[in-house]
Structures are given as C-alpha cells and as structure tokens.
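Visitor: This is the structure I have questions about; it appears just below.
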Amino acid sequence: IKGIDDKNLILETDFSNEDLKISRDKIASIKSDTPIAVFFDKEDYLKGRIKPADDNRASVENAESGASREFQLAEVQDLYDGDPQQKIIDDQKTKFSGNVNVGIELESGNTDEDTLSLSANFRARNPTDRYTVRFNKFYEKTNGEKTDDEFLLFTKYDHFFSEGAKWFMYAGGVFEQDRIDLLDLRTTLSVGWGYQFFET
C-alpha cells in the first residue's frame, strides 16, 4: 500500500513499474501485513497493521502500545508506510518553484535591431501561505536608438484560512515602467478575498 488520495487507493506491485490505482468505491476491505500509518487528519494518525472488520469497516492496531481504532475507508485522509512524524514535518515545509527565461536577438542589415527580453517567475507554497513574484523586462534598440525599455513586477501574497481551505485573503502589487512612453512608475496595490476552485 503506497498511499491514498481523494479518489483512489494506490498500490505498488511487483508486476508493473506503474502504480496501480483502485477507486475507493470499488474496495470492499483492506488489510496490511506490515505496519502502516493511517492518517485521519494531518496530525491524527495511528500506525499499525490494518485488518478487515464488520460492516465494510477496518481496524488498525499498534502492537507496541495496544492502541486500536476502527474506521471506514471514507474517513482515511492518507496511508503512509514511512515515519509518520517525518511526513507531518515534510507536509509543513515550504515548497519552491519557478523559472527564468532570457532571450537575446541581434539583427543586422538595412536595419540593425538588438532585443533583450527577460522574464522570471517564482512561487513559494506551504499549507496555508502562497507567495508569487513575476518579473518581465523588455529592451530594444533600432539603428543604435532605444525604441523600447519597459518592465513589470507583479507580487502577490495569499493566505488560506486553514490547510486545504478554498477561501483565502490576498494582498498584491503591480509596478510598471515604460521609459519610451514616459511612464516613470505606475503602482497598483490590491487587497481582497479569493476562492480557489483547483490548484495545479
């Protein structure tokens, strides 16, 4: 048993390199030969062997402490065969992602044109907070004369009211500059409420 998500039980098998996914509603009973941590919430778990019980239920029993608990599969948030305390710590860590793109184009001929474009995206995410920063810069010279020089900086902070919550409040700012169009600095600040339908 490798884990479980909202829809499927995930199994690792000897006969395939791919994980086997079985829909929750197709499972009649569940059993494990080795101890596994059954998470009912992010920090509410019991680690032990899982055994089938009556009425399409199952039970988990810790051999060392003697603690046991009956449950239905619908109550299970996660199954984890490693150290459950380490999983709790890892789930709380901030995860980072982002990318940087640089483009340079040099043209010569009847018209000499040099172009530089730079964009960067950065995101930090933990269970209740998300930080987003985006930066765009575009610069162009035509026949030695500057014809474009602009940048945009986007920043946003989202705070979710609890882990897994859909509602959040946010604060953000957008800063724009365009030297050719004589835009020294345009600043847009925002605060508000948001609802997240899905996150990828």
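Every chain in the structure tokens takes a letter, A first, then B, and so on in the order presented; its residues are numbered from 1, and the ligands are numbered from 1 following the presented order.
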Run DSSP on the backbone of this structure and report the residues of segment 13-120 of chain A it assigns to strand (DSSP E or B), as a ChimeraX atom specification.

Guide: /A:20-23,36-39,45-52,58-61,68-71,78-80,95-107,113-120

Visitor: Sorted by chain and rising residue number, which residues of segment 59-97 of chain A lie within 9 Å of segment 19-43 of chain A, and what are their closest atom pairs and distances in Å to one decimal, counting only C-alpha atoms, as a tab-separated table?

Guide:
```
residue	atom	partner	partner_atom	distance
A:Ser59	CA	A:Lys31	CA	8.9
A:Val60	CA	A:Val38	CA	7.6
A:Glu61	CA	A:Pro35	CA	8.7
A:Asn62	CA	A:Pro35	CA	7.9
A:Ala63	CA	A:Pro35	CA	9.0
A:Leu73	CA	A:Arg24	CA	7.6
A:Ala74	CA	A:Arg24	CA	8.0
A:Glu75	CA	A:Phe40	CA	6.1
A:Val76	CA	A:Phe40	CA	4.9
A:Gln77	CA	A:Phe40	CA	5.2
A:Asp78	CA	A:Phe39	CA	5.0
A:Leu79	CA	A:Val38	CA	4.9
A:Tyr80	CA	A:Ala37	CA	5.0
A:Asp81	CA	A:Ile36	CA	4.6
A:Gly82	CA	A:Ile36	CA	7.4
A:Asp83	CA	A:Ala37	CA	8.0
A:Pro84	CA	A:Ala37	CA	6.3
A:Gln85	CA	A:Glu43	CA	8.5
A:Ile88	CA	A:Glu43	CA	6.6
A:Asp91	CA	A:Lys42	CA	8.6
```

Visitor: With all heavy atoms kept, could you save the residues just selected as a short mmCIF file (atom, residue, chain, number, x, y, z; two decimals), in the first residue's frame?

Guide:
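Saved result, out-v7.cif, follows:
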```
data_model
loop_
_atom_site.label_atom_id
_atom_site.label_comp_id
_atom_site.auth_asym_id
_atom_site.auth_seq_id
_atom_site.Cartn_x
_atom_site.Cartn_y
_atom_site.Cartn_z
N SER A 59 -9.86 -2.03 10.87
CA SER A 59 -9.28 -1.59 12.13
C SER A 59 -7.77 -1.54 11.98
O SER A 59 -7.17 -2.30 11.21
CB SER A 59 -9.67 -2.53 13.27
OG SER A 59 -9.07 -3.80 13.10
N VAL A 60 -7.15 -0.63 12.71
CA VAL A 60 -5.70 -0.54 12.76
C VAL A 60 -5.29 -0.67 14.21
O VAL A 60 -5.88 -0.06 15.10
CB VAL A 60 -5.19 0.79 12.13
CG1 VAL A 60 -5.83 2.01 12.79
CG2 VAL A 60 -3.68 0.88 12.21
N GLU A 61 -4.27 -1.49 14.46
CA GLU A 61 -3.83 -1.77 15.83
C GLU A 61 -2.33 -1.66 15.92
O GLU A 61 -1.60 -2.26 15.12
CB GLU A 61 -4.28 -3.16 16.27
CG GLU A 61 -3.90 -3.49 17.71
CD GLU A 61 -4.45 -4.81 18.18
OE1 GLU A 61 -5.30 -5.38 17.46
OE2 GLU A 61 -4.04 -5.27 19.24
N ASN A 62 -1.88 -0.88 16.90
CA ASN A 62 -0.46 -0.73 17.15
C ASN A 62 -0.02 -1.79 18.15
O ASN A 62 -0.50 -1.82 19.29
CB ASN A 62 -0.15 0.68 17.69
CG ASN A 62 1.34 0.94 17.83
OD1 ASN A 62 2.01 0.35 18.67
ND2 ASN A 62 1.84 1.82 16.98
N ALA A 63 0.89 -2.67 17.71
CA ALA A 63 1.30 -3.81 18.55
C ALA A 63 2.05 -3.37 19.79
O ALA A 63 1.98 -4.01 20.84
CB ALA A 63 2.16 -4.77 17.73
N LEU A 73 -13.26 3.48 5.17
CA LEU A 73 -12.27 4.00 4.24
C LEU A 73 -12.48 5.48 3.94
O LEU A 73 -11.53 6.22 3.71
CB LEU A 73 -12.30 3.19 2.94
CG LEU A 73 -11.09 3.33 2.02
CD1 LEU A 73 -9.81 2.89 2.71
CD2 LEU A 73 -11.29 2.57 0.73
N ALA A 74 -13.74 5.92 3.99
CA ALA A 74 -14.04 7.32 3.71
C ALA A 74 -13.43 8.26 4.75
O ALA A 74 -13.23 9.44 4.48
CB ALA A 74 -15.55 7.52 3.65
N GLU A 75 -13.13 7.73 5.95
CA GLU A 75 -12.54 8.56 7.00
C GLU A 75 -11.04 8.75 6.82
O GLU A 75 -10.44 9.60 7.46
CB GLU A 75 -12.79 7.92 8.36
CG GLU A 75 -14.24 7.73 8.73
CD GLU A 75 -14.38 6.95 10.03
OE1 GLU A 75 -13.79 7.38 11.04
OE2 GLU A 75 -15.06 5.91 10.03
N VAL A 76 -10.42 7.95 5.96
CA VAL A 76 -8.96 7.96 5.83
C VAL A 76 -8.53 9.08 4.90
O VAL A 76 -8.99 9.19 3.77
CB VAL A 76 -8.45 6.61 5.29
CG1 VAL A 76 -6.95 6.64 5.09
CG2 VAL A 76 -8.84 5.48 6.24
N GLN A 77 -7.64 9.93 5.39
CA GLN A 77 -7.11 11.01 4.57
C GLN A 77 -5.85 10.57 3.83
O GLN A 77 -5.61 10.97 2.70
CB GLN A 77 -6.79 12.23 5.44
CG GLN A 77 -6.40 13.45 4.64
CD GLN A 77 -6.16 14.65 5.52
OE1 GLN A 77 -5.04 14.87 5.99
NE2 GLN A 77 -7.20 15.43 5.77
N ASP A 78 -5.02 9.71 4.47
CA ASP A 78 -3.79 9.26 3.83
C ASP A 78 -3.33 7.96 4.47
O ASP A 78 -3.67 7.66 5.63
CB ASP A 78 -2.70 10.33 3.96
CG ASP A 78 -1.64 10.20 2.87
OD1 ASP A 78 -1.69 9.22 2.09
OD2 ASP A 78 -0.75 11.06 2.79
N LEU A 79 -2.57 7.19 3.71
CA LEU A 79 -1.90 5.99 4.20
C LEU A 79 -0.42 6.16 3.90
O LEU A 79 -0.05 6.53 2.79
CB LEU A 79 -2.44 4.74 3.50
CG LEU A 79 -3.91 4.41 3.74
CD1 LEU A 79 -4.36 3.30 2.80
CD2 LEU A 79 -4.13 3.99 5.20
N TYR A 80 0.43 5.86 4.89
CA TYR A 80 1.86 6.15 4.73
C TYR A 80 2.67 5.07 5.41
O TYR A 80 2.46 4.78 6.60
CB TYR A 80 2.17 7.53 5.35
CG TYR A 80 3.56 8.03 5.09
CD1 TYR A 80 3.95 8.41 3.80
CD2 TYR A 80 4.49 8.14 6.12
CE1 TYR A 80 5.22 8.88 3.55
CE2 TYR A 80 5.77 8.62 5.88
CZ TYR A 80 6.13 8.98 4.60
OH TYR A 80 7.38 9.46 4.36
N ASP A 81 3.60 4.46 4.64
CA ASP A 81 4.35 3.34 5.21
C ASP A 81 5.69 3.75 5.81
O ASP A 81 6.45 2.91 6.28
CB ASP A 81 4.57 2.25 4.14
CG ASP A 81 5.39 2.75 2.97
OD1 ASP A 81 5.70 3.96 2.93
OD2 ASP A 81 5.72 1.93 2.09
N GLY A 82 5.99 5.06 5.81
CA GLY A 82 7.23 5.55 6.41
C GLY A 82 7.00 6.10 7.81
O GLY A 82 6.04 5.74 8.50
N ASP A 83 7.89 6.97 8.24
CA ASP A 83 7.81 7.59 9.56
C ASP A 83 6.72 8.67 9.53
O ASP A 83 6.88 9.68 8.85
CB ASP A 83 9.16 8.21 9.92
CG ASP A 83 9.16 8.87 11.29
OD1 ASP A 83 8.11 8.83 11.98
OD2 ASP A 83 10.19 9.44 11.67
N PRO A 84 5.62 8.49 10.26
CA PRO A 84 4.53 9.47 10.19
C PRO A 84 4.92 10.85 10.72
O PRO A 84 4.43 11.86 10.22
CB PRO A 84 3.43 8.84 11.03
CG PRO A 84 4.10 7.83 11.89
CD PRO A 84 5.28 7.34 11.12
N GLN A 85 5.80 10.89 11.72
CA GLN A 85 6.23 12.19 12.24
C GLN A 85 7.01 12.96 11.18
O GLN A 85 6.88 14.19 11.05
CB GLN A 85 7.08 12.01 13.50
CG GLN A 85 6.28 11.64 14.74
CD GLN A 85 5.33 12.76 15.15
OE1 GLN A 85 5.66 13.94 15.06
NE2 GLN A 85 4.14 12.39 15.59
N ILE A 88 4.59 14.49 8.70
CA ILE A 88 3.96 15.71 9.21
C ILE A 88 4.90 16.90 9.02
O ILE A 88 4.49 17.98 8.59
CB ILE A 88 3.58 15.54 10.69
CG1 ILE A 88 2.45 14.51 10.82
CG2 ILE A 88 3.14 16.87 11.30
CD1 ILE A 88 2.13 14.12 12.24
N ASP A 91 5.19 17.81 5.26
CA ASP A 91 3.98 18.45 4.73
C ASP A 91 3.90 19.93 5.09
O ASP A 91 3.23 20.71 4.41
CB ASP A 91 2.72 17.73 5.24
CG ASP A 91 2.51 16.38 4.56
OD1 ASP A 91 3.16 16.13 3.53
OD2 ASP A 91 1.71 15.57 5.08
#
```

Visitor: Find the residues near segment 96-100 of chain A: any atom within 8 Å, counting only C-alpha atoms, skip ones fewer than 2 places away on the same chain, and give them as a ChimeraX atom specification.

Guide: /A:94,102,118-125

Visitor: So that I can check the surroundings of segment 142-149 of chain A, please list as number ranges by chain every protein, DNA and RNA residue that reaches within 12 Å of it, counting only C-alpha atoms and ignoring chain neighbours fewer than 2 positions away.

Guide: A: 105-118, 136-140, 151-152, 176-184

Visitor: Tell me which of A:Lys2, A:Val133, A:Phe71, A:Asn17 sits closest to Pro52 of chain A, counting only C-alpha atoms.

Guide: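 The closest residue to Pro52 of chain A is A:Phe71.
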
Visitor: Could you find all residues in segment 16-188 of chain A that DSSP calls alpha helix (DSSP H) from the backbone, and write them as a ChimeraX atom specification?

Guide: /A:84-92

Visitor: Report the distance between atom CA of Glu12 of chain A and atom CA of Ser68 of chain A in Å, rounded to one decimal place.

Guide: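 Atom CA of Ser68 of chain A lies at a distance of 25.6 Å from atom CA of Glu12 of chain A.
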
Visitor: Please, what distance in Å, to one decimal, runs between atom CA of Ser162 of chain A and atom CA of Thr128 of chain A?

Guide: 5.9 Å

Visitor: Using only C-alpha atoms for the distances, tell me which of A:Ile10, A:Lys87, A:Glu18, A:Thr132 is nearest to Tyr45 of chain A.

Guide: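 Between A:Ile10, A:Lys87, A:Glu18, A:Thr132, the residue approaching Tyr45 of chain A most closely is A:Lys87.
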
Visitor: Using only C-alpha atoms, which of A:Phe198, A:Ala171, A:Lys7, A:Lys95 sits nearest Phe154 of chain A?

Guide: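 The shortest atom-to-atom distance to Phe154 of chain A comes from A:Ala171.
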
Visitor: Looking at A:Lys141, A:Lys93, A:Lys47, A:Lys166, which one is nearest to Pro127 of chain A, with distances taken over only C-alpha atoms?

Guide: A:Lys93

Visitor: Here is a test: counting only C-alpha atoms, which residue of A:Trp193, A:Asp54, A:Arg69, A:Arg134 is nearest to Gly173 of chain A?

Guide: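 With only C-alpha atoms as the atom set, the closest residue is A:Arg134.
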
Visitor: Any idea what the distance is between atom CA of Ile1 of chain A and atom CA of Thr13 of chain A?

Guide: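 It comes out at 8.9 Å.
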
Visitor: Can you pull out the residues contacting Phe175 of chain A? Cut-off 9 Å, using only C-alpha atoms, and skip same-chain residues under 5 positions away; I want them as a PDB file with N, CA, C and O atoms, in the first residue's frame.

Guide:
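Writing the result to around19.pdb gives the following:
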```pdb
ATOM      1  N   PHE A 151       9.441  47.530 -18.059  1.00  0.00           N
ATOM      2  CA  PHE A 151       9.470  46.380 -17.153  1.00  0.00           C
ATOM      3  C   PHE A 151       8.172  46.337 -16.358  1.00  0.00           C
ATOM      4  O   PHE A 151       7.462  47.335 -16.218  1.00  0.00           O
ATOM      5  N   LEU A 152       7.887  45.140 -15.839  1.00  0.00           N
ATOM      6  CA  LEU A 152       6.713  44.938 -14.997  1.00  0.00           C
ATOM      7  C   LEU A 152       7.081  43.981 -13.872  1.00  0.00           C
ATOM      8  O   LEU A 152       7.712  42.943 -14.101  1.00  0.00           O
ATOM      9  N   LEU A 153       6.700  44.343 -12.659  1.00  0.00           N
ATOM     10  CA  LEU A 153       6.909  43.498 -11.482  1.00  0.00           C
ATOM     11  C   LEU A 153       5.558  43.234 -10.831  1.00  0.00           C
ATOM     12  O   LEU A 153       4.825  44.172 -10.510  1.00  0.00           O
ATOM     13  N   PHE A 154       5.232  41.936 -10.655  1.00  0.00           N
ATOM     14  CA  PHE A 154       3.966  41.530 -10.048  1.00  0.00           C
ATOM     15  C   PHE A 154       4.281  40.762  -8.767  1.00  0.00           C
ATOM     16  O   PHE A 154       5.080  39.818  -8.782  1.00  0.00           O
ATOM     17  N   THR A 155       3.675  41.156  -7.654  1.00  0.00           N
ATOM     18  CA  THR A 155       3.857  40.455  -6.383  1.00  0.00           C
ATOM     19  C   THR A 155       2.492  40.173  -5.767  1.00  0.00           C
ATOM     20  O   THR A 155       1.562  40.981  -5.885  1.00  0.00           O
ATOM     21  N   LEU A 185       6.648  55.390 -13.213  1.00  0.00           N
ATOM     22  CA  LEU A 185       6.281  54.240 -12.393  1.00  0.00           C
ATOM     23  C   LEU A 185       4.773  54.261 -12.139  1.00  0.00           C
ATOM     24  O   LEU A 185       4.240  55.240 -11.607  1.00  0.00           O
ATOM     25  N   ARG A 186       4.124  53.209 -12.528  1.00  0.00           N
ATOM     26  CA  ARG A 186       2.708  53.052 -12.213  1.00  0.00           C
ATOM     27  C   ARG A 186       2.603  51.955 -11.146  1.00  0.00           C
ATOM     28  O   ARG A 186       3.098  50.839 -11.329  1.00  0.00           O
ATOM     29  N   THR A 187       1.967  52.275 -10.044  1.00  0.00           N
ATOM     30  CA  THR A 187       1.837  51.341  -8.925  1.00  0.00           C
ATOM     31  C   THR A 187       0.372  51.010  -8.700  1.00  0.00           C
ATOM     32  O   THR A 187      -0.462  51.906  -8.585  1.00  0.00           O
ATOM     33  N   THR A 188       0.078  49.723  -8.659  1.00  0.00           N
ATOM     34  CA  THR A 188      -1.279  49.265  -8.381  1.00  0.00           C
ATOM     35  C   THR A 188      -1.235  48.335  -7.182  1.00  0.00           C
ATOM     36  O   THR A 188      -0.547  47.310  -7.216  1.00  0.00           O
ATOM     37  N   LEU A 189      -1.940  48.674  -6.106  1.00  0.00           N
ATOM     38  CA  LEU A 189      -1.986  47.858  -4.900  1.00  0.00           C
ATOM     39  C   LEU A 189      -3.379  47.291  -4.722  1.00  0.00           C
ATOM     40  O   LEU A 189      -4.372  47.953  -5.034  1.00  0.00           O
TER      41      LEU A 189
END
```
